[in-house]
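Asks: Below is the file run-v4.cif, which contains mmCIF, C-alpha atoms (C1' of nucleotides).
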```cif
data_protein
#
loop_
_atom_site.label_atom_id
_atom_site.label_comp_id
_atom_site.auth_asym_id
_atom_site.auth_seq_id
_atom_site.Cartn_x
_atom_site.Cartn_y
_atom_site.Cartn_z
CA MET B 186 155.38 -23.18 260.33
CA THR B 187 156.58 -19.78 261.59
CA GLU B 188 159.98 -19.82 263.22
CA GLN B 189 160.02 -19.18 266.96
CA LEU B 190 162.15 -16.24 267.95
CA PRO B 191 164.48 -16.57 270.93
CA GLN B 192 162.68 -13.69 272.62
CA LYS B 193 159.02 -14.56 273.10
CA LEU B 194 156.72 -11.66 272.22
CA ARG B 195 153.85 -10.33 274.25
CA SER B 196 150.50 -11.55 272.91
CA ASP B 197 149.38 -8.21 271.49
CA ALA B 198 152.79 -7.73 269.89
CA GLU B 199 152.51 -11.17 268.33
CA ASP B 200 149.10 -10.25 266.88
CA ASN B 201 150.43 -7.03 265.45
CA ARG B 202 153.39 -8.83 263.93
CA ASP B 203 151.07 -11.27 262.19
CA ARG B 204 148.86 -8.51 260.89
CA ILE B 205 151.89 -6.63 259.56
CA LEU B 206 153.10 -9.70 257.70
CA GLU B 207 149.65 -10.31 256.24
CA SER B 208 149.38 -6.69 255.08
CA ALA B 209 152.88 -6.80 253.66
CA ARG B 210 151.99 -9.89 251.63
CA VAL B 211 148.86 -8.24 250.23
CA LEU B 212 150.49 -4.93 249.38
CA PHE B 213 153.79 -6.32 248.09
CA ALA B 214 151.82 -8.62 245.80
CA ARG B 215 149.63 -5.83 244.51
CA GLU B 216 152.08 -2.93 244.27
CA GLY B 217 155.55 -4.42 244.31
CA LEU B 218 158.42 -3.69 246.65
CA THR B 219 158.10 0.04 246.11
CA VAL B 220 155.09 0.26 248.40
CA PRO B 221 155.87 2.67 251.30
CA MET B 222 156.50 1.19 254.74
CA ARG B 223 153.88 3.65 256.04
CA ALA B 224 151.24 2.16 253.76
CA ILE B 225 151.88 -1.31 255.14
CA ALA B 226 151.64 0.02 258.70
CA ARG B 227 148.39 1.83 257.90
CA HIS B 228 146.90 -1.24 256.23
CA ALA B 229 147.80 -3.33 259.27
CA GLY B 230 146.32 -0.72 261.61
CA VAL B 231 149.54 -0.02 263.48
CA GLY B 232 151.88 2.95 263.78
CA PRO B 233 155.16 3.23 261.93
CA ALA B 234 157.17 2.67 265.10
CA THR B 235 155.63 -0.77 265.56
CA LEU B 236 156.51 -1.77 262.04
CA TYR B 237 160.08 -0.54 262.29
CA ARG B 238 160.51 -2.21 265.69
CA ARG B 239 159.64 -5.62 264.21
CA PHE B 240 161.24 -5.16 260.81
CA PRO B 241 163.99 -2.53 260.76
CA THR B 242 164.38 -2.76 256.97
CA LYS B 243 162.07 -3.46 254.06
CA GLN B 244 164.24 -6.37 252.97
CA LEU B 245 163.82 -8.12 256.31
CA LEU B 246 160.08 -7.70 256.04
CA ALA B 247 160.06 -8.93 252.45
CA THR B 248 162.15 -11.97 253.28
CA GLU B 249 159.64 -13.06 255.94
CA ALA B 250 156.63 -12.16 253.85
CA PHE B 251 157.78 -14.19 250.86
CA ALA B 252 158.78 -17.34 252.71
CA GLU B 253 155.64 -19.02 251.43
CA GLN B 254 156.19 -17.94 247.82
CA ILE B 255 159.73 -19.24 247.95
CA ARG B 256 158.44 -22.63 248.99
CA ALA B 257 155.81 -22.50 246.23
CA CYS B 258 158.52 -21.72 243.71
CA GLN B 259 160.62 -24.68 244.80
CA ALA B 260 157.51 -26.90 244.73
CA ILE B 261 156.77 -25.93 241.15
CA VAL B 262 160.26 -26.88 240.05
CA ASP B 263 160.14 -30.13 242.03
CA GLU B 264 156.90 -31.09 240.33
CA GLY B 265 158.49 -30.27 237.00
CA LEU B 266 161.36 -32.62 237.85
CA ALA B 267 158.87 -35.33 238.80
CA THR B 268 157.04 -35.13 235.45
CA PRO B 269 157.94 -38.13 233.27
CA ASP B 270 158.41 -36.06 230.10
CA PRO B 271 161.20 -33.60 230.94
CA TRP B 272 160.21 -31.16 228.19
CA GLN B 273 156.64 -31.04 229.41
CA GLY B 274 157.97 -30.58 232.94
CA PHE B 275 160.16 -27.73 231.76
CA CYS B 276 157.26 -26.02 229.98
CA SER B 277 154.98 -26.29 232.98
CA VAL B 278 157.70 -24.80 235.20
CA ILE B 279 157.94 -21.79 232.89
CA GLU B 280 154.20 -21.31 232.71
CA ARG B 281 153.63 -21.72 236.43
CA ILE B 282 156.52 -19.51 237.45
CA CYS B 283 155.22 -16.79 235.15
CA GLU B 284 151.81 -17.23 236.77
CA LEU B 285 153.36 -16.95 240.23
CA HIS B 286 155.33 -13.86 239.33
CA LEU B 287 152.25 -12.39 237.70
CA GLN B 288 150.22 -12.66 240.86
CA ASN B 289 152.99 -11.39 243.03
CA ARG B 290 154.76 -8.38 241.76
CA GLY B 291 156.83 -7.90 244.89
CA PHE B 292 158.08 -11.45 244.79
CA THR B 293 159.43 -10.94 241.30
CA ASP B 294 161.38 -7.96 242.55
CA ALA B 295 162.67 -9.86 245.54
CA PHE B 296 163.54 -12.94 243.50
CA LEU B 297 165.53 -11.04 240.89
CA ALA B 298 167.11 -8.37 243.03
CA THR B 299 169.56 -10.42 245.09
CA TYR B 300 169.76 -8.12 248.06
CA PRO B 301 173.07 -8.56 249.86
CA ASP B 302 171.33 -8.80 253.23
CA ALA B 303 168.31 -10.93 252.32
CA VAL B 304 170.35 -14.12 252.63
CA ASP B 305 167.34 -16.42 252.91
CA ILE B 306 165.97 -15.45 249.53
CA ALA B 307 169.31 -15.61 247.74
CA GLU B 308 170.01 -19.02 249.20
CA SER B 309 166.74 -20.69 248.20
CA ARG B 310 166.94 -18.93 244.87
CA GLU B 311 170.22 -20.67 244.14
CA LEU B 312 168.76 -23.98 245.28
CA THR B 313 165.75 -23.59 243.00
CA LEU B 314 167.91 -22.57 240.08
CA LYS B 315 170.07 -25.66 240.59
CA SER B 316 166.95 -27.81 240.22
CA VAL B 317 165.95 -25.94 237.10
CA ALA B 318 169.41 -26.60 235.66
CA THR B 319 168.93 -30.32 236.24
CA LEU B 320 165.54 -30.22 234.55
CA ALA B 321 167.01 -28.30 231.64
CA ARG B 322 169.80 -30.85 231.21
CA ARG B 323 167.23 -33.66 230.97
CA ALA B 324 165.03 -31.71 228.55
CA LYS B 325 168.07 -31.09 226.35
CA ALA B 326 168.99 -34.77 226.38
CA HIS B 327 165.40 -35.48 225.44
CA GLY B 328 165.94 -33.34 222.37
CA ARG B 329 163.09 -30.88 222.74
CA LEU B 330 164.97 -28.05 224.49
CA ARG B 331 167.34 -26.05 222.33
CA LYS B 332 170.95 -27.12 222.83
CA ASP B 333 172.30 -23.63 223.51
CA PHE B 334 169.86 -22.94 226.36
CA GLU B 335 171.48 -21.50 229.45
CA LEU B 336 170.11 -20.64 232.88
CA ALA B 337 170.86 -17.02 232.11
CA ASP B 338 168.24 -17.21 229.35
CA LEU B 339 165.60 -18.03 231.92
CA MET B 340 166.71 -15.14 234.11
CA ILE B 341 166.56 -12.82 231.11
CA MET B 342 163.02 -13.91 230.40
CA LEU B 343 161.91 -13.57 234.01
CA THR B 344 163.48 -10.13 234.21
CA ALA B 345 161.67 -9.24 231.00
CA HIS B 346 158.43 -10.70 232.34
CA ARG B 347 158.56 -8.19 235.14
CA GLY B 348 158.34 -5.45 232.56
CA LEU B 349 154.77 -6.53 231.90
CA HIS B 350 153.71 -5.25 235.30
CA VAL B 351 153.21 -1.75 233.93
CA SER B 352 149.75 -2.32 232.49
CA ASP B 353 146.44 -2.87 234.27
CA PRO B 354 145.72 -6.29 235.86
CA ALA B 355 143.40 -7.59 233.12
CA THR B 356 145.75 -6.76 230.22
CA ARG B 357 148.65 -7.97 232.31
CA THR B 358 147.14 -11.42 232.83
CA THR B 359 146.52 -11.93 229.12
CA ALA B 360 149.98 -10.60 228.30
CA SER B 361 151.67 -12.84 230.84
CA ARG B 362 149.99 -16.01 229.52
CA ARG B 363 150.88 -15.15 225.96
CA PHE B 364 154.41 -14.30 227.02
CA ALA B 365 154.81 -17.70 228.65
CA THR B 366 153.59 -19.43 225.49
CA LEU B 367 156.02 -17.50 223.33
CA VAL B 368 158.91 -18.13 225.71
CA VAL B 369 158.25 -21.84 225.56
CA GLN B 370 158.49 -21.74 221.81
CA ALA B 371 161.60 -19.59 222.00
CA PHE B 372 163.26 -22.29 224.10
CA ALA B 373 162.13 -25.19 221.92
CA ALA B 374 164.65 -26.92 219.66
CA GLU B 375 164.43 -25.83 216.01
CA HIS B 376 162.87 -28.86 214.30
CA ALA B 377 159.75 -30.65 215.53
CA MET M 141 165.83 20.19 210.74
CA THR M 142 164.39 21.91 213.81
CA GLU M 143 160.98 23.48 213.32
CA GLN M 144 160.82 27.25 213.47
CA LEU M 145 158.47 28.55 216.13
CA PRO M 146 156.09 31.43 215.28
CA GLN M 147 157.68 33.51 218.05
CA LYS M 148 161.38 33.94 217.37
CA LEU M 149 163.49 33.52 220.52
CA ARG M 150 166.22 35.77 221.73
CA SER M 151 169.67 34.35 220.86
CA ASP M 152 170.59 33.40 224.42
CA ALA M 153 167.19 31.80 224.92
CA GLU M 154 167.70 29.79 221.74
CA ASP M 155 171.07 28.56 223.04
CA ASN M 156 169.57 27.53 226.34
CA ARG M 157 166.74 25.74 224.59
CA ASP M 158 169.20 23.73 222.52
CA ARG M 159 171.29 22.84 225.54
CA ILE M 160 168.17 21.72 227.42
CA LEU M 161 167.14 19.44 224.55
CA GLU M 162 170.63 18.00 224.31
CA SER M 163 170.74 17.31 228.06
CA ALA M 164 167.26 15.82 227.97
CA ARG M 165 168.32 13.43 225.22
CA VAL M 166 171.38 12.31 227.17
CA LEU M 167 169.59 11.88 230.49
CA PHE M 168 166.39 10.35 229.16
CA ALA M 169 168.47 7.81 227.24
CA ARG M 170 170.56 6.93 230.27
CA GLU M 171 168.00 7.03 233.06
CA GLY M 172 164.58 6.84 231.44
CA LEU M 173 161.67 9.23 231.74
CA THR M 174 161.85 9.14 235.54
CA VAL M 175 164.82 11.50 235.57
CA PRO M 176 163.86 14.66 237.52
CA MET M 177 163.29 17.86 235.56
CA ARG M 178 165.74 19.54 237.94
CA ALA M 179 168.47 17.11 236.91
CA ILE M 180 167.97 18.03 233.26
CA ALA M 181 168.11 21.74 234.13
CA ARG M 182 171.27 21.26 236.18
CA HIS M 183 172.92 19.21 233.42
CA ALA M 184 172.10 21.95 230.92
CA GLY M 185 173.45 24.64 233.27
CA VAL M 186 170.15 26.53 233.55
CA GLY M 187 167.66 27.14 236.35
CA PRO M 188 164.38 25.29 236.71
CA ALA M 189 162.35 28.31 235.63
CA THR M 190 164.07 28.35 232.25
CA LEU M 191 163.31 24.72 231.68
CA TYR M 192 159.65 25.07 232.67
CA ARG M 193 159.25 28.18 230.55
CA ARG M 194 160.33 26.29 227.41
CA PHE M 195 158.74 22.95 228.24
CA PRO M 196 155.87 23.22 230.71
CA THR M 197 155.53 19.42 231.01
CA LYS M 198 157.92 16.50 230.84
CA GLN M 199 155.88 14.98 228.01
CA LEU M 200 156.36 18.05 225.84
CA LEU M 201 160.08 17.90 226.44
CA ALA M 202 160.17 14.18 225.72
CA THR M 203 158.21 14.57 222.50
CA GLU M 204 160.73 17.10 221.18
CA ALA M 205 163.74 15.20 222.46
CA PHE M 206 162.71 11.95 220.81
CA ALA M 207 161.77 13.34 217.41
CA GLU M 208 164.96 11.89 215.99
CA GLN M 209 164.39 8.46 217.54
CA ILE M 210 160.88 8.35 216.15
CA ARG M 211 162.23 8.93 212.68
CA ALA M 212 164.87 6.25 213.26
CA CYS M 213 162.15 3.84 214.32
CA GLN M 214 160.14 4.47 211.17
CA ALA M 215 163.28 4.13 209.07
CA ILE M 216 164.04 0.72 210.55
CA VAL M 217 160.58 -0.55 209.68
CA ASP M 218 160.74 0.96 206.20
CA GLU M 219 164.02 -0.82 205.55
CA GLY M 220 162.44 -4.02 206.79
CA LEU M 221 159.63 -3.55 204.29
CA ALA M 222 162.16 -2.97 201.52
CA THR M 223 164.02 -6.22 202.23
CA PRO M 224 163.20 -8.83 199.54
CA ASP M 225 162.72 -11.68 202.03
CA PRO M 226 159.88 -10.53 204.33
CA TRP M 227 160.84 -12.90 207.14
CA GLN M 228 164.41 -11.62 207.15
CA GLY M 229 163.03 -8.09 207.09
CA PHE M 230 160.79 -8.87 210.03
CA CYS M 231 163.67 -10.34 212.03
CA SER M 232 165.93 -7.38 211.36
CA VAL M 233 163.16 -5.02 212.49
CA ILE M 234 162.87 -6.87 215.80
CA GLU M 235 166.61 -6.92 216.35
CA ARG M 236 167.13 -3.30 215.43
CA ILE M 237 164.19 -2.02 217.42
CA CYS M 238 165.46 -3.89 220.45
CA GLU M 239 168.85 -2.29 219.87
CA LEU M 240 167.25 1.15 219.64
CA HIS M 241 165.23 0.66 222.79
CA LEU M 242 168.29 -0.71 224.54
CA GLN M 243 170.28 2.42 223.88
CA ASN M 244 167.46 4.69 224.80
CA ARG M 245 165.58 3.80 227.91
CA GLY M 246 163.47 6.92 227.89
CA PHE M 247 162.35 6.33 224.34
CA THR M 248 161.03 2.92 225.30
CA ASP M 249 158.96 4.55 228.02
CA ALA M 250 157.69 7.20 225.69
CA PHE M 251 156.93 4.75 222.91
CA LEU M 252 154.94 2.41 225.12
CA ALA M 253 153.27 4.90 227.42
CA THR M 254 150.84 6.59 224.99
CA TYR M 255 150.51 9.83 226.85
CA PRO M 256 147.20 11.51 226.09
CA ASP M 257 148.86 14.83 225.38
CA ALA M 258 151.96 13.69 223.51
CA VAL M 259 150.08 13.51 220.23
CA ASP M 260 153.16 13.50 218.03
CA ILE M 261 154.50 10.32 219.54
CA ALA M 262 151.17 8.49 219.55
CA GLU M 263 150.56 9.42 215.94
CA SER M 264 153.88 8.26 214.51
CA ARG M 265 153.68 5.22 216.74
CA GLU M 266 150.46 4.17 215.04
CA LEU M 267 151.96 4.87 211.66
CA THR M 268 154.99 2.73 212.42
CA LEU M 269 152.83 -0.05 213.79
CA LYS M 270 150.74 -0.05 210.64
CA SER M 271 153.91 -0.64 208.60
CA VAL M 272 154.92 -3.46 210.94
CA ALA M 273 151.49 -5.03 210.43
CA THR M 274 152.03 -4.97 206.67
CA LEU M 275 155.44 -6.56 207.05
CA ALA M 276 153.96 -9.21 209.34
CA ARG M 277 151.24 -10.05 206.83
CA ARG M 278 153.85 -10.61 204.15
CA ALA M 279 156.05 -12.72 206.44
CA LYS M 280 153.04 -14.86 207.32
CA ALA M 281 152.19 -15.38 203.66
CA HIS M 282 155.80 -16.32 203.13
CA GLY M 283 155.28 -19.07 205.68
CA ARG M 284 158.05 -18.29 208.12
CA LEU M 285 156.09 -16.21 210.64
CA ARG M 286 153.69 -18.11 212.90
CA LYS M 287 150.10 -17.84 211.71
CA ASP M 288 148.69 -16.69 215.06
CA PHE M 289 151.07 -13.72 215.36
CA GLU M 290 149.38 -10.50 216.32
CA LEU M 291 150.66 -6.97 216.67
CA ALA M 292 149.88 -7.20 220.36
CA ASP M 293 152.54 -9.91 220.64
CA LEU M 294 155.15 -7.45 219.51
CA MET M 295 153.96 -4.90 222.06
CA ILE M 296 154.12 -7.53 224.77
CA MET M 297 157.67 -8.32 223.85
CA LEU M 298 158.71 -4.67 223.71
CA THR M 299 157.07 -4.03 227.06
CA ALA M 300 158.91 -7.05 228.42
CA HIS M 301 162.15 -5.87 226.83
CA ARG M 302 161.93 -2.75 228.91
CA GLY M 303 162.14 -4.92 232.02
CA LEU M 304 165.76 -5.66 231.08
CA HIS M 305 166.74 -2.11 231.92
CA VAL M 306 167.17 -2.95 235.59
CA SER M 307 170.68 -4.39 235.27
CA ASP M 308 173.97 -2.63 234.53
CA PRO M 309 174.74 -1.52 230.95
CA ALA M 310 177.13 -4.38 230.08
CA THR M 311 174.80 -7.16 231.27
CA ARG M 312 171.90 -5.32 229.72
CA THR M 313 173.47 -5.27 226.25
CA THR M 314 174.15 -9.00 226.29
CA ALA M 315 170.67 -9.69 227.65
CA SER M 316 168.99 -7.53 225.04
CA ARG M 317 170.75 -9.25 222.13
CA ARG M 318 169.92 -12.67 223.45
CA PHE M 319 166.35 -11.57 224.09
CA ALA M 320 165.98 -10.44 220.48
CA THR M 321 167.29 -13.80 219.23
CA LEU M 322 164.84 -15.70 221.41
CA VAL M 323 161.93 -13.49 220.41
CA VAL M 324 162.67 -14.13 216.75
CA GLN M 325 162.49 -17.84 217.38
CA ALA M 326 159.34 -17.41 219.43
CA PHE M 327 157.70 -15.75 216.44
CA ALA M 328 158.91 -18.30 213.89
CA ALA M 329 156.44 -20.82 212.47
CA GLU M 330 156.71 -24.28 214.05
CA HIS M 331 158.23 -26.32 211.21
CA ALA M 332 161.43 -25.39 209.37
"C1'" DA O 229 143.84 -4.97 291.89
"C1'" DG O 230 148.55 -3.20 291.31
"C1'" DC O 231 153.07 -2.89 289.31
"C1'" DT O 232 156.37 -2.79 285.77
"C1'" DA O 233 158.61 -3.73 281.67
"C1'" DA O 234 157.38 -4.29 277.00
"C1'" DG O 235 154.84 -2.32 273.30
"C1'" DT O 236 152.66 1.45 270.92
"C1'" DG O 237 151.18 5.56 267.84
"C1'" DG O 238 151.68 10.32 266.78
"C1'" DA O 239 155.02 13.97 266.36
"C1'" DC O 240 159.23 15.11 264.68
"C1'" DA O 241 163.28 16.26 261.62
"C1'" DC O 242 165.15 15.30 257.32
"C1'" DC O 243 165.34 14.50 252.35
"C1'" DT O 244 163.98 14.88 247.42
"C1'" DG O 245 160.69 15.45 244.09
"C1'" DC O 246 157.33 18.92 242.08
"C1'" DG O 247 155.68 23.71 239.80
"C1'" DT O 248 155.56 28.84 240.53
"C1'" DC O 249 156.86 33.63 241.56
"C1'" DC O 250 159.67 37.65 241.31
"C1'" DA O 251 163.66 40.79 241.64
"C1'" DC O 252 167.55 41.05 238.74
"C1'" DA O 253 170.31 40.54 234.25
"C1'" DT O 254 170.88 41.16 229.46
"C1'" DA O 255 170.12 41.01 224.16
"C1'" DG O 256 169.41 43.84 220.61
"C1'" DG O 257 166.89 47.91 218.39
"C1'" DC O 258 167.57 52.87 218.79
"C1'" DG Q 85 175.62 53.96 225.34
"C1'" DC Q 86 170.77 53.60 226.74
"C1'" DC Q 87 166.21 51.50 227.38
"C1'" DT Q 88 162.98 48.01 227.57
"C1'" DA Q 89 160.91 43.71 226.59
"C1'" DT Q 90 162.43 39.24 227.16
"C1'" DG Q 91 164.73 35.80 229.71
"C1'" DT Q 92 166.76 34.16 233.93
"C1'" DG Q 93 168.15 31.67 238.50
"C1'" DG Q 94 167.28 31.25 243.31
"C1'" DA Q 95 163.84 31.05 246.78
"C1'" DC Q 96 159.50 29.43 248.03
"C1'" DG Q 97 155.56 26.30 249.48
"C1'" DC Q 98 153.67 21.90 248.78
"C1'" DA Q 99 153.46 16.82 248.82
"C1'" DG Q 100 155.08 12.40 250.17
"C1'" DG Q 101 158.86 9.41 251.29
"C1'" DT Q 102 162.35 8.02 255.03
"C1'" DG Q 103 163.80 6.55 260.12
"C1'" DT Q 104 163.66 7.92 265.17
"C1'" DC Q 105 162.10 9.56 269.72
"C1'" DC Q 106 159.12 9.69 273.69
"C1'" DA Q 107 155.04 10.10 276.67
"C1'" DC Q 108 151.25 7.06 277.10
"C1'" DT Q 109 148.95 2.35 277.26
"C1'" DT Q 110 148.60 -2.31 278.50
"C1'" DA Q 111 149.67 -7.53 279.08
"C1'" DG Q 112 150.60 -10.57 282.33
"C1'" DC Q 113 153.07 -11.88 286.70
"C1'" DT Q 114 152.11 -11.43 291.64
#
```
Can you dump the structure from the file as structure tokens?

Replies:
Amino acid sequence: MTEQLPQKLRSDAEDNRDRILESARVLFAREGLTVPMRAIARHAGVGPATLYRRFPTKQLLATEAFAEQIRACQAIVDEGLATPDPWQGFCSVIERICELHLQNRGFTDAFLATYPDAVDIAESRELTLKSVATLARRAKAHGRLRKDFELADLMIMLTAHRGLHVSDPATRTTASRRFATLVVQAFAAEHA
Amino acid sequence: MTEQLPQKLRSDAEDNRDRILESARVLFAREGLTVPMRAIARHAGVGPATLYRRFPTKQLLATEAFAEQIRACQAIVDEGLATPDPWQGFCSVIERICELHLQNRGFTDAFLATYPDAVDIAESRELTLKSVATLARRAKAHGRLRKDFELADLMIMLTAHRGLHVSDPATRTTASRRFATLVVQAFAAEHA
DNA sequence: AGCTAAGTGGACACCTGCGTCCACATAGGC
DNA sequence: GCCTATGTGGACGCAGGTGTCCACTTAGCT
């Protein structure tokens, strides 16, 4: 599951590293990438030095923390590809990705930002997008997806979706669901 | 045009006040409400004390700076109401409001934030929204606007639209236009 | 149990934001 | 031209972020 580093860590260091990652996941999800490194250290019950020793930059920490989300994202798209009706698959991808981004504010930031140094994220992002493109091509052929749809449209809508993170969690959830519904109709071909 | 204060200012103070407002407009539009007060003071060529003396809080400054935009916003909706075809009027309102918010990042913040103390903005906001509601009712009756449209949907989309402000100006412009087009389709009734 | 290298947390120095205070400058009536 | 109320900019103290250093602790081999 977790990659083994060349240098094996001391047991207490290993524990601390795990706790830091766990805290980072919680706080990134709740507050987004803007959460202070200090806050993550405090939440994990370690000093700042420990955090910086393990993860010199926030991007490095984020990349590790979001490994699971990245896999989830790919899984969602794969399931969409596996759905018999490509349009239904496409719709479920939109809805579920919105849901994922809703629950994880930091991941949205990470996914859209394309940090130059967070290679892992950028790479799997491209891979996932390639799958979405395939799905979109099928849904177009099927006639239900508007002909002029482009991948950029999806990125625009995901970027916009992030804007919803300003309000409180309850409002945000309602807003996100409604947003997904509207986006699906926006992408639908004109005539039924 | 500008309201006369009960206390008349000294001529140099008046000049400074004007320059501060002008700088605030430029910087709020470009950077959003997050721009530091100091930056506005520097841009206007005055010290921080001068700025704080005229506008004790950022909200007060914003309210004055955006007076013109608020009027523009109302004008857009009024023109939409005056359009013979209510659906076309509704669409043009969406497109033009997106355009307005695109050019003025700070105004978007101000419009959506509902500061407790910025009464002027909140008030005209409600007024504008009431007009939009009227327009929406007509467009629904006309059959082109989806029956389950609510005012909240528009707020969701405007909030989302703000998310587009992360990218560079050129990309942002393209994205905003495309976003407006998609939103219009999202709001359209199912059958042609 | 003792030793040592790896690991740690608190202190530190730096930056940038905020709002306020006060000694000086100056507009504008005389 | 002078005098004074009004207006001003720079300096100040505070809060909260960043990354780094170093004297102490401790895991784990012997």

Asks: Distance limit 10 Å, atoms considered: only C-alpha atoms (C1' of nucleotides). Which chain M residues sit that close to chain O? Return them as a list in words.

Replies: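 Result: Arg150, Ser151, Asp152, Ala153, Pro176, Met177, Arg178, Pro188, Ala189, Tyr192, Pro196 and Thr197 of chain M.
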
Asks: For this structure, which residues satisfy the selection - the PyMOL selection byres ((chain M) within 9 of (chain B)) - when it is evaluated on the file as given? I want them as a PyMOL selection string.

Replies: chain M and resi 292-293+296-306+315-316+318-319+321-328+330-332

Asks: For CA of Leu339 (chain B) and CA of Cys258 (chain B), determine how far apart the two atoms are, in Å to one decimal place.

Replies: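 Computed distance, CA of Leu339 (chain B) to CA of Cys258 (chain B), equals 14.2 Å.
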
Asks: Given a cut-off of 9 Å, which residues of chain Q touch chain M, counting only C-alpha atoms (C1' of nucleotides), written out as a PDB file with C-alpha atoms (C1' of nucleotides), keeping the file's coordinate frame?

Replies:
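The new file result_16.pdb reads:
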```
ATOM      1  C1'  DT Q  90     162.430  39.240 227.160  1.00  0.00           C
ATOM      2  C1'  DG Q  91     164.730  35.800 229.710  1.00  0.00           C
ATOM      3  C1'  DT Q  92     166.760  34.160 233.930  1.00  0.00           C
ATOM      4  C1'  DG Q  93     168.150  31.670 238.500  1.00  0.00           C
ATOM      5  C1'  DG Q  94     167.280  31.250 243.310  1.00  0.00           C
TER       6       DG Q  94
END
```

Asks: Taking the file as shown, what set of residues would the PyMOL selection byres ((chain B and resi 268-277) around 12) give back, as a PyMOL selection string?

Replies: chain B and resi 261-267+278-285+316-331+339+362+365-374

Asks: Based on the selection just made, write C-alpha atoms of those residues as an mmCIF file, in the coordinates of the input.

Replies:
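Saved as result_38.cif:
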```
data_model
loop_
_atom_site.group_PDB
_atom_site.id
_atom_site.type_symbol
_atom_site.label_atom_id
_atom_site.label_comp_id
_atom_site.auth_asym_id
_atom_site.auth_seq_id
_atom_site.Cartn_x
_atom_site.Cartn_y
_atom_site.Cartn_z
ATOM 1 C CA ILE B 261 156.770 -25.930 241.150
ATOM 2 C CA VAL B 262 160.260 -26.880 240.050
ATOM 3 C CA ASP B 263 160.140 -30.130 242.030
ATOM 4 C CA GLU B 264 156.900 -31.090 240.330
ATOM 5 C CA GLY B 265 158.490 -30.270 237.000
ATOM 6 C CA LEU B 266 161.360 -32.620 237.850
ATOM 7 C CA ALA B 267 158.870 -35.330 238.800
ATOM 8 C CA VAL B 278 157.700 -24.800 235.200
ATOM 9 C CA ILE B 279 157.940 -21.790 232.890
ATOM 10 C CA GLU B 280 154.200 -21.310 232.710
ATOM 11 C CA ARG B 281 153.630 -21.720 236.430
ATOM 12 C CA ILE B 282 156.520 -19.510 237.450
ATOM 13 C CA CYS B 283 155.220 -16.790 235.150
ATOM 14 C CA GLU B 284 151.810 -17.230 236.770
ATOM 15 C CA LEU B 285 153.360 -16.950 240.230
ATOM 16 C CA SER B 316 166.950 -27.810 240.220
ATOM 17 C CA VAL B 317 165.950 -25.940 237.100
ATOM 18 C CA ALA B 318 169.410 -26.600 235.660
ATOM 19 C CA THR B 319 168.930 -30.320 236.240
ATOM 20 C CA LEU B 320 165.540 -30.220 234.550
ATOM 21 C CA ALA B 321 167.010 -28.300 231.640
ATOM 22 C CA ARG B 322 169.800 -30.850 231.210
ATOM 23 C CA ARG B 323 167.230 -33.660 230.970
ATOM 24 C CA ALA B 324 165.030 -31.710 228.550
ATOM 25 C CA LYS B 325 168.070 -31.090 226.350
ATOM 26 C CA ALA B 326 168.990 -34.770 226.380
ATOM 27 C CA HIS B 327 165.400 -35.480 225.440
ATOM 28 C CA GLY B 328 165.940 -33.340 222.370
ATOM 29 C CA ARG B 329 163.090 -30.880 222.740
ATOM 30 C CA LEU B 330 164.970 -28.050 224.490
ATOM 31 C CA ARG B 331 167.340 -26.050 222.330
ATOM 32 C CA LEU B 339 165.600 -18.030 231.920
ATOM 33 C CA ARG B 362 149.990 -16.010 229.520
ATOM 34 C CA ALA B 365 154.810 -17.700 228.650
ATOM 35 C CA THR B 366 153.590 -19.430 225.490
ATOM 36 C CA LEU B 367 156.020 -17.500 223.330
ATOM 37 C CA VAL B 368 158.910 -18.130 225.710
ATOM 38 C CA VAL B 369 158.250 -21.840 225.560
ATOM 39 C CA GLN B 370 158.490 -21.740 221.810
ATOM 40 C CA ALA B 371 161.600 -19.590 222.000
ATOM 41 C CA PHE B 372 163.260 -22.290 224.100
ATOM 42 C CA ALA B 373 162.130 -25.190 221.920
ATOM 43 C CA ALA B 374 164.650 -26.920 219.660
#
```

Asks: Please provide as a ChimeraX atom specification all residues within 6 Å of region 169-175 of chain M, with the sequence filter that same-chain residues fewer than 6 positions apart are discarded (counting only C-alpha atoms (C1' of nucleotides)).

Replies: /M:244-246

Asks: Would you pick out the contacts of Ile261 (chain M) at 10 Å or less, using all atoms listed in the file, so that residues sharing its chain but fewer than 5 positions from it are not included, and give the list as a PyMOL selection string?

Replies: chain M and resi 199+202-204+206-207+210+250-256+266-267

Asks: Can you tell me how far CA of Ala355 (chain B) sits from CA of Val211 (chain B), in Å to one decimal?

Replies: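 Result for CA of Ala355 (chain B) versus CA of Val211 (chain B): 18.0 Å, one decimal.
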
Asks: What gap, in Å, lies between CA of Asp305 (chain B) and CA of Asp200 (chain B)?

Replies: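 Taking CA of Asp305 (chain B) and CA of Asp200 (chain B), their separation equals 23.8 Å.
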
Asks: What do you get, as a ChimeraX atom specification, if you spell out every residue that the PyMOL selection byres ((chain B and resi 209) around 8) selects here?

Replies: /B:205-208,210-213,225,246-247,250

Asks: Box for region 247-250 of chain O: with edges along x, y and z, all listed atoms inside and 5 Å added on each side, what are the centre and edge lengths in Å to one decimal, as JSON?

Replies:
```
{"center_x": 157.6, "center_y": 30.7, "center_z": 240.7, "size_x": 14.1, "size_y": 23.9, "size_z": 11.8}
```
